[in-house]
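Novice: One file: start.txt (compact mmCIF, C-alpha atoms and all ligand atoms).
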# COMPACT_ATOMS: atom_id res chain seq x y z
CA MET A 8 20.55 -132.28 -135.95
CA GLU A 9 17.60 -132.39 -133.53
CA VAL A 10 16.84 -129.13 -131.74
CA VAL A 11 14.82 -129.60 -128.54
CA ILE A 12 13.46 -126.22 -127.45
CA CYS A 13 12.43 -126.28 -123.79
CA LYS A 14 10.46 -123.87 -121.63
CA SER A 15 13.32 -123.66 -119.15
CA LYS A 16 16.94 -124.51 -118.56
CA GLY A 17 15.75 -126.95 -115.88
CA GLU A 18 13.55 -128.88 -118.31
CA ALA A 19 16.34 -129.03 -120.92
CA SER A 20 18.88 -130.21 -118.33
CA LYS A 21 16.48 -132.95 -117.21
CA LEU A 22 15.85 -134.22 -120.75
CA ALA A 23 19.56 -134.26 -121.58
CA ALA A 24 20.37 -136.07 -118.32
CA GLU A 25 17.64 -138.63 -119.06
CA MET A 26 19.27 -139.37 -122.41
CA ILE A 27 22.63 -140.01 -120.71
CA THR A 28 21.10 -142.06 -117.88
CA LYS A 29 19.30 -144.23 -120.41
CA ALA A 30 22.49 -144.78 -122.42
CA VAL A 31 24.56 -145.69 -119.34
CA LYS A 32 21.86 -148.10 -118.17
CA ALA A 33 21.91 -149.79 -121.57
CA ASN A 34 25.71 -149.87 -121.67
CA PRO A 35 27.35 -149.53 -118.22
CA LYS A 36 30.75 -149.20 -119.96
CA THR A 37 29.73 -146.08 -121.87
CA VAL A 38 32.59 -143.75 -122.78
CA LEU A 39 31.59 -140.15 -122.10
CA GLY A 40 33.08 -136.92 -123.39
CA LEU A 41 32.38 -134.17 -120.86
CA ALA A 42 32.24 -130.39 -120.90
CA THR A 43 32.70 -127.58 -118.42
CA GLY A 44 31.19 -124.08 -118.25
CA SER A 45 28.10 -122.90 -116.42
CA THR A 46 25.75 -124.55 -118.95
CA PRO A 47 26.02 -128.29 -118.09
CA VAL A 48 25.87 -127.85 -114.30
CA GLY A 49 22.09 -128.41 -114.10
CA MET A 50 22.38 -131.54 -116.23
CA TYR A 51 25.18 -132.85 -114.00
CA ASP A 52 22.93 -132.30 -110.97
CA GLU A 53 20.18 -134.33 -112.64
CA MET A 54 22.66 -137.12 -113.46
CA ALA A 55 23.72 -137.15 -109.81
CA LYS A 56 20.07 -137.38 -108.69
CA ALA A 57 19.60 -140.49 -110.82
CA VAL A 58 22.67 -142.10 -109.20
CA LYS A 59 21.38 -141.24 -105.71
CA ALA A 60 18.02 -142.71 -106.58
CA GLY A 61 19.79 -145.97 -107.51
CA GLU A 62 18.63 -145.69 -111.12
CA VAL A 63 22.07 -145.88 -112.70
CA SER A 64 25.73 -146.46 -111.85
CA TYR A 65 28.85 -144.86 -113.37
CA LYS A 66 31.25 -147.39 -111.80
CA GLN A 67 32.37 -148.71 -115.17
CA VAL A 68 32.00 -145.49 -117.15
CA ARG A 69 35.14 -143.78 -118.45
CA SER A 70 35.28 -140.11 -119.34
CA TRP A 71 37.47 -137.70 -121.27
CA ASN A 72 36.96 -133.96 -120.88
CA LEU A 73 37.09 -131.49 -123.71
CA ASP A 74 39.72 -129.07 -122.52
CA GLU A 75 41.86 -127.51 -119.80
CA TYR A 76 43.51 -124.13 -119.29
CA TYR A 77 47.20 -124.15 -120.12
CA GLY A 78 49.26 -123.33 -117.05
CA LEU A 79 46.67 -124.16 -114.37
CA PRO A 80 47.35 -127.05 -111.99
CA PRO A 81 44.48 -129.52 -111.43
CA THR A 82 44.15 -128.24 -107.87
CA HIS A 83 43.50 -124.64 -108.99
CA ASP A 84 39.89 -123.77 -108.20
CA GLN A 85 39.37 -122.43 -111.74
CA SER A 86 40.88 -125.48 -113.48
CA TYR A 87 38.52 -127.69 -115.40
CA ARG A 88 39.73 -130.76 -113.46
CA TYR A 89 38.67 -129.05 -110.22
CA PHE A 90 35.36 -128.01 -111.81
CA MET A 91 34.58 -131.59 -112.89
CA ASN A 92 35.46 -133.08 -109.51
CA LYS A 93 33.18 -130.60 -107.72
CA ASN A 94 30.27 -130.45 -110.17
CA LEU A 95 30.02 -134.09 -111.20
CA PHE A 96 32.61 -136.68 -110.22
CA GLU A 97 32.22 -136.24 -106.44
CA LYS A 98 28.44 -136.46 -106.82
CA ILE A 99 28.30 -139.75 -108.73
CA ASP A 100 29.89 -143.16 -108.21
CA ILE A 101 32.44 -142.88 -111.04
CA ASP A 102 35.97 -144.11 -110.29
CA LEU A 103 38.19 -140.98 -110.45
CA ALA A 104 40.89 -143.12 -112.09
CA ASN A 105 38.51 -143.54 -115.03
CA THR A 106 38.12 -139.79 -115.53
CA HIS A 107 40.52 -137.94 -117.79
CA VAL A 108 41.20 -134.23 -118.12
CA LEU A 109 44.11 -132.82 -120.14
CA ASP A 110 47.03 -131.77 -117.92
CA GLY A 111 47.37 -127.99 -118.01
CA LEU A 112 50.87 -128.26 -116.58
CA ALA A 113 52.20 -130.89 -119.01
CA ALA A 114 55.90 -130.29 -119.71
CA ASP A 115 55.33 -131.28 -123.33
CA PRO A 116 51.75 -130.12 -124.08
CA GLU A 117 51.74 -131.34 -127.69
CA LYS A 118 52.71 -134.83 -126.51
CA GLU A 119 50.01 -134.62 -123.83
CA CYS A 120 47.48 -133.86 -126.60
CA ALA A 121 48.71 -136.67 -128.86
CA ASP A 122 48.59 -139.14 -125.93
CA TYR A 123 45.04 -138.00 -125.12
CA GLU A 124 43.92 -138.73 -128.67
CA LYS A 125 45.46 -142.20 -128.40
CA GLN A 126 43.73 -142.88 -125.06
CA ILE A 127 40.35 -142.04 -126.58
CA LYS A 128 41.04 -144.21 -129.59
CA ASP A 129 42.18 -147.12 -127.39
CA ALA A 130 38.97 -146.78 -125.35
CA GLY A 131 37.01 -147.40 -128.56
CA GLY A 132 36.06 -143.73 -129.08
CA ILE A 133 33.55 -141.54 -127.32
CA ASP A 134 29.97 -142.84 -127.21
CA ILE A 135 28.33 -139.60 -126.04
CA GLN A 136 29.99 -136.20 -126.17
CA VAL A 137 28.50 -133.41 -124.06
CA LEU A 138 29.05 -129.89 -125.40
CA GLY A 139 28.26 -126.31 -124.47
CA ILE A 140 28.77 -123.54 -126.99
CA GLY A 141 30.70 -120.29 -126.75
CA SER A 142 28.90 -117.05 -127.63
CA ASP A 143 31.14 -116.93 -130.74
CA GLY A 144 30.05 -120.45 -131.75
CA HIS A 145 33.09 -122.30 -130.41
CA ILE A 146 32.99 -125.88 -129.17
CA ALA A 147 35.55 -126.94 -126.54
CA PHE A 148 38.07 -124.11 -127.05
CA ASN A 149 38.03 -124.22 -130.84
CA GLU A 150 37.78 -120.54 -131.64
CA PRO A 151 36.73 -118.89 -134.92
CA GLY A 152 39.37 -119.58 -137.54
CA THR A 153 40.15 -123.10 -136.32
CA SER A 154 40.32 -125.84 -138.93
CA LEU A 155 37.18 -127.95 -138.90
CA THR A 156 39.35 -131.07 -138.97
CA SER A 157 41.64 -130.00 -136.10
CA ARG A 158 42.92 -132.53 -133.57
CA THR A 159 43.63 -132.10 -129.85
CA SER A 160 46.23 -129.36 -129.47
CA VAL A 161 47.29 -126.16 -127.74
CA VAL A 162 44.85 -123.39 -128.70
CA TYR A 163 44.65 -119.62 -128.24
CA LEU A 164 41.59 -117.92 -126.73
CA THR A 165 39.96 -114.88 -128.30
CA PRO A 166 39.42 -111.69 -126.25
CA SER A 167 35.66 -112.34 -126.41
CA THR A 168 36.01 -115.81 -124.84
CA ILE A 169 38.34 -114.45 -122.18
CA LYS A 170 35.70 -111.83 -121.37
CA ASP A 171 32.85 -114.39 -121.34
CA ASN A 172 34.77 -116.76 -119.10
CA ALA A 173 35.75 -114.01 -116.68
CA ARG A 174 32.12 -113.05 -116.27
CA LEU A 175 31.19 -116.19 -114.34
CA PHE A 176 34.61 -117.43 -113.29
CA PHE A 177 37.98 -116.03 -112.16
CA GLY A 178 36.16 -113.58 -109.88
CA GLY A 179 35.27 -111.54 -112.95
CA ASP A 180 38.94 -110.60 -113.53
CA GLU A 181 39.89 -110.96 -117.22
CA SER A 182 43.58 -110.64 -116.44
CA LYS A 183 43.39 -113.92 -114.49
CA VAL A 184 41.98 -115.99 -117.40
CA PRO A 185 44.75 -117.97 -119.13
CA THR A 186 45.15 -117.03 -122.80
CA ARG A 187 45.87 -120.57 -123.95
CA ALA A 188 44.33 -123.98 -123.41
CA LEU A 189 44.73 -127.63 -124.35
CA SER A 190 41.64 -128.60 -126.29
CA MET A 191 40.14 -131.54 -128.13
CA GLY A 192 40.01 -130.67 -131.81
CA VAL A 193 36.91 -130.12 -133.91
CA GLY A 194 37.75 -133.29 -135.86
CA THR A 195 38.21 -135.21 -132.61
CA ILE A 196 34.81 -134.06 -131.30
CA CYS A 197 33.06 -134.99 -134.55
CA GLU A 198 34.21 -138.62 -134.16
CA ALA A 199 31.96 -139.08 -131.10
CA LYS A 200 29.09 -141.44 -131.89
CA LYS A 201 26.47 -139.17 -130.36
CA ILE A 202 26.59 -135.52 -129.37
CA ILE A 203 24.45 -133.68 -126.80
CA LEU A 204 24.85 -129.90 -126.93
CA LEU A 205 23.29 -127.55 -124.38
CA ALA A 206 22.70 -123.83 -124.89
CA PHE A 207 20.87 -121.41 -122.63
CA GLY A 208 20.12 -117.71 -122.61
CA GLU A 209 20.07 -114.74 -124.92
CA ASN A 210 23.86 -114.60 -125.05
CA LYS A 211 23.83 -117.83 -127.11
CA GLN A 212 21.26 -116.74 -129.75
CA ASP A 213 23.75 -115.87 -132.48
CA ALA A 214 25.91 -118.90 -131.79
CA LEU A 215 22.89 -121.19 -132.06
CA LEU A 216 21.70 -119.49 -135.24
CA GLY A 217 25.14 -119.96 -136.81
CA MET A 218 25.35 -123.57 -135.70
CA VAL A 219 21.87 -124.68 -136.75
CA GLU A 220 20.97 -122.52 -139.74
CA GLY A 221 24.20 -120.87 -140.86
CA GLY A 222 26.64 -122.16 -143.44
CA ILE A 223 29.36 -124.53 -142.35
CA THR A 224 32.34 -122.35 -141.55
CA GLN A 225 35.43 -122.31 -139.39
CA PHE A 226 34.17 -118.96 -138.07
CA CYS A 227 31.50 -120.85 -136.12
CA THR A 228 33.20 -124.15 -135.35
CA ALA A 229 29.95 -125.62 -133.96
CA SER A 230 28.46 -125.38 -137.48
CA ILE A 231 30.39 -128.51 -138.48
CA LEU A 232 27.93 -130.45 -136.30
CA GLN A 233 25.47 -130.13 -139.21
CA MET A 234 27.54 -132.91 -140.81
CA HIS A 235 27.23 -135.23 -137.81
CA PRO A 236 24.52 -137.94 -137.98
CA ASP A 237 23.43 -137.90 -134.33
CA VAL A 238 23.38 -134.50 -132.62
CA TRP A 239 20.79 -133.47 -130.01
CA VAL A 240 20.65 -129.80 -129.06
CA PHE A 241 18.83 -129.06 -125.79
CA CYS A 242 18.17 -125.33 -125.44
CA ASP A 243 15.80 -122.86 -123.86
CA GLU A 244 13.47 -120.46 -125.70
CA ALA A 245 15.84 -117.52 -125.22
CA ALA A 246 18.75 -119.27 -126.95
CA ALA A 247 16.46 -120.51 -129.77
CA ALA A 248 14.77 -117.14 -130.34
CA LYS A 249 16.51 -116.34 -133.65
CA LEU A 250 16.00 -119.75 -135.32
CA LYS A 251 13.75 -119.48 -138.37
CA LEU A 252 12.36 -123.00 -138.14
CA LYS A 253 12.01 -123.16 -134.36
CA GLU A 254 8.37 -124.34 -134.34
CA TYR A 255 9.23 -127.13 -136.75
CA TYR A 256 12.26 -128.29 -134.72
CA ALA A 257 10.22 -128.22 -131.51
CA TRP A 258 7.45 -130.35 -133.01
CA ARG A 259 9.81 -132.82 -134.70
CA SER A 260 12.01 -133.36 -131.65
CA ALA A 261 9.03 -133.63 -129.24
CA THR A 262 7.52 -136.28 -131.50
CA LYS A 263 10.78 -138.21 -131.66
CA LEU A 264 11.16 -138.03 -127.88
CA GLY A 265 7.54 -139.08 -127.40
CA LYS A 266 6.78 -135.89 -125.42
C1 LIG A 301 34.33 -122.44 -122.39
C2 LIG A 301 34.46 -123.94 -122.59
C3 LIG A 301 33.38 -124.46 -123.51
C4 LIG A 301 32.02 -123.95 -123.05
C5 LIG A 301 32.01 -122.45 -123.06
C6 LIG A 301 30.68 -121.86 -122.67
O1 LIG A 301 34.84 -121.72 -123.46
N1 LIG A 301 35.74 -124.29 -123.11
O2 LIG A 301 33.42 -125.88 -123.52
O3 LIG A 301 31.02 -124.46 -123.88
O4 LIG A 301 33.01 -122.01 -122.15
O5 LIG A 301 30.60 -121.63 -121.30
P1 LIG A 301 29.25 -121.35 -120.51
O6 LIG A 301 28.55 -122.67 -120.46
O7 LIG A 301 29.69 -120.90 -119.15
O8 LIG A 301 28.51 -120.34 -121.28
What's the structure tokens form of this structure?
Specialist:
Amino acid sequence: MEVVICKSKGEASKLAAEMITKAVKANPKTVLGLATGSTPVGMYDEMAKAVKAGEVSYKQVRSWNLDEYYGLPPTHDQSYRYFMNKNLFEKIDIDLANTHVLDGLAADPEKECADYEKQIKDAGGIDIQVLGIGSDGHIAFNEPGTSLTSRTSVVYLTPSTIKDNARLFFGGDESKVPTRALSMGVGTICEAKKIILLAFGENKQDALLGMVEGGITQFCTASILQMHPDVWVFCDEAAAAKLKLKEYYAWRSATKLGK
């Protein structure tokens, strides 16, 4: 796991976007796994800038998103489909038909999840998976106590995640946050060939500590990423503050990136 500690969120977002731009240039048919939340927005803006500048095209890229709230229609302004359209898809030249988000209104949600797994498999798997991290160490919506080999399924949100997600979304009203979601599993995420995880701010310190230097445990589902051969963590100094080996990670990753 490479931990890239940046001076600012802006710098980290730029570096992460550069990594994706480079990969899509090398393989225009890249399969992306995408994430929502406030964290990746800056990176999505940087990706859009590169498209505008004519540096890269997403015309042949296909994407699968991590998760969606159960019970929200794609048109709901707090749905993850709506979020992706607004924050990325409408800003780049991707074909919307090539973008996939789990259907929060699926009549048979378990079938929806099984079909989603099959779609990803048929696409040849995810080349680059983008991740944020919950303050409790969750990835996608895989909360503490989730099996580290879980597959895409209906999941239940913890009160702490509901609180976190109400803070920036749902007009701050916890009662409006759905209590369930459809989410890629931890095992599904780990099959991605490369993983880019972003984490910013003090609120993510404990999650990052658990993920990078804690033991592997289902109580911090991100900790399983220690077993993955190609993970890049782009974070700011605030999120990295509790890491014991932060100077070492910063030097090693800067050297590898040629910075
Ligand atoms: C939600 C999403 C996660 C995301 C997390 C953090 O729980 N399901 O994919 O990483 O929020 O959100 P934020 O980036 O707003 O801190």
Novice: Using all atoms listed in the file, which residues of the polymer chains come no farther than 8 Å from ligand LIG 301 (chain A)? I'd like the answer as a list in words.
Specialist: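 The distance check yields Ala42, Thr43, Gly44, Ser45, Thr46, Pro47, Leu73, Asp74, Glu75, Leu138, Gly139, Ile140, Gly141, Ser142, His145, Ile146, Ala147, Phe148, Thr168, Asp171, Asn172, Leu175, Ser190, Ala206, Phe207 and Lys211 of chain A.
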Novice: I want to know what sits within 9 Å of Ile133 of chain A, based on only C-alpha atoms, with residues of the same chain fewer than 3 positions away left out; could you give that as a VMD selection string?
Specialist: chain A and resid 37 to 40 70 to 71 127 to 128 130 136 196 198 to 201
Novice: So which residues touch Lys16 of chain A within 8 Å, counting only C-alpha atoms, skipping near sequence neighbours fewer than 3 positions away, as a list in words?
Specialist: Cys13, Ala19, Ser20, Gly49, Phe207, Cys242 and Asp243 of chain A
Novice: Which distance in Å separates atom CA of Leu205 of chain A and atom CA of Phe241 of chain A, to one decimal?
Specialist: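 Answer for the atom CA of Leu205 of chain A to atom CA of Phe241 of chain A separation: 4.9 Å.
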Novice: Taking into account only C-alpha atoms, which residue in the set A:Lys93, A:Lys125, A:Arg187, A:Lys14 is nearest to Gly111 of chain A?
Specialist: A:Arg187
Novice: Point out the residue among A:Ala261, A:Leu95, A:Leu189, A:Val58 with the least atom-to-atom distance to Asp110 of chain A, counting all atoms listed in the file.
Specialist: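 Using all atoms listed in the file, Asp110 of chain A sits closest to A:Leu189.
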Novice: Using Å and a single decimal, report how far atom CA of Asp84 of chain A sits from atom CA of Asp180 of chain A.
Specialist: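 Interatomic distance here is 14.2 Å.
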Novice: So how far away is atom CA of Pro185 of chain A from atom CA of Tyr76 of chain A, in Å?
Specialist: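 Computed distance, atom CA of Tyr76 of chain A to atom CA of Pro185 of chain A, equals 6.3 Å.
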Novice: Within 8 Å of Tyr51 of chain A, counting all atoms listed in the file, which residues qualify if same-chain residues fewer than 3 places away don't, as number ranges by chain?
Specialist: A: 24, 47-48, 54-55, 94-95
Novice: From the set A:Ala246, A:Val219, A:Ile202, A:Ala57, which residue has the shortest atom-to-atom contact distance to Asp134 of chain A, counting all atoms listed in the file?
Specialist: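 Nearest to Asp134 of chain A: A:Ile202.
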Novice: With all atoms listed in the file as the basis for distance, which of A:Leu215, A:Glu18, A:Ala33, A:Cys197 is at the shortest distance from Pro236 of chain A?
Specialist: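 Nearest to Pro236 of chain A: A:Cys197.
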Novice: What lies within 6 Å of Ser157 of chain A using all atoms listed in the file, ignoring chain neighbours under 5 positions off, as number ranges by chain?
Specialist: A: 192-194
Novice: Taking all atoms listed in the file into account, name the residue in A:Thr165, A:Ser64, A:Ser15, A:Ser230 that is nearest to Val31 of chain A.
Specialist: A:Ser64
Novice: Find, counting only C-alpha atoms, the residue in A:Gln85, A:Gly131, A:Lys183, A:Ala214 that gets nearest to Asp143 of chain A.
Specialist: A:Ala214
Novice: Segment 217-223 of chain A, all listed atoms, 4 Å padding on each side: what axis-aligned box centre and edge lengths in Å to one decimal come out, as AutoDock Vina command-line options?
Specialist:
--center_x 25.2 --center_y -122.3 --center_z -139.6 --size_x 16.4 --size_y 12.7 --size_z 15.7
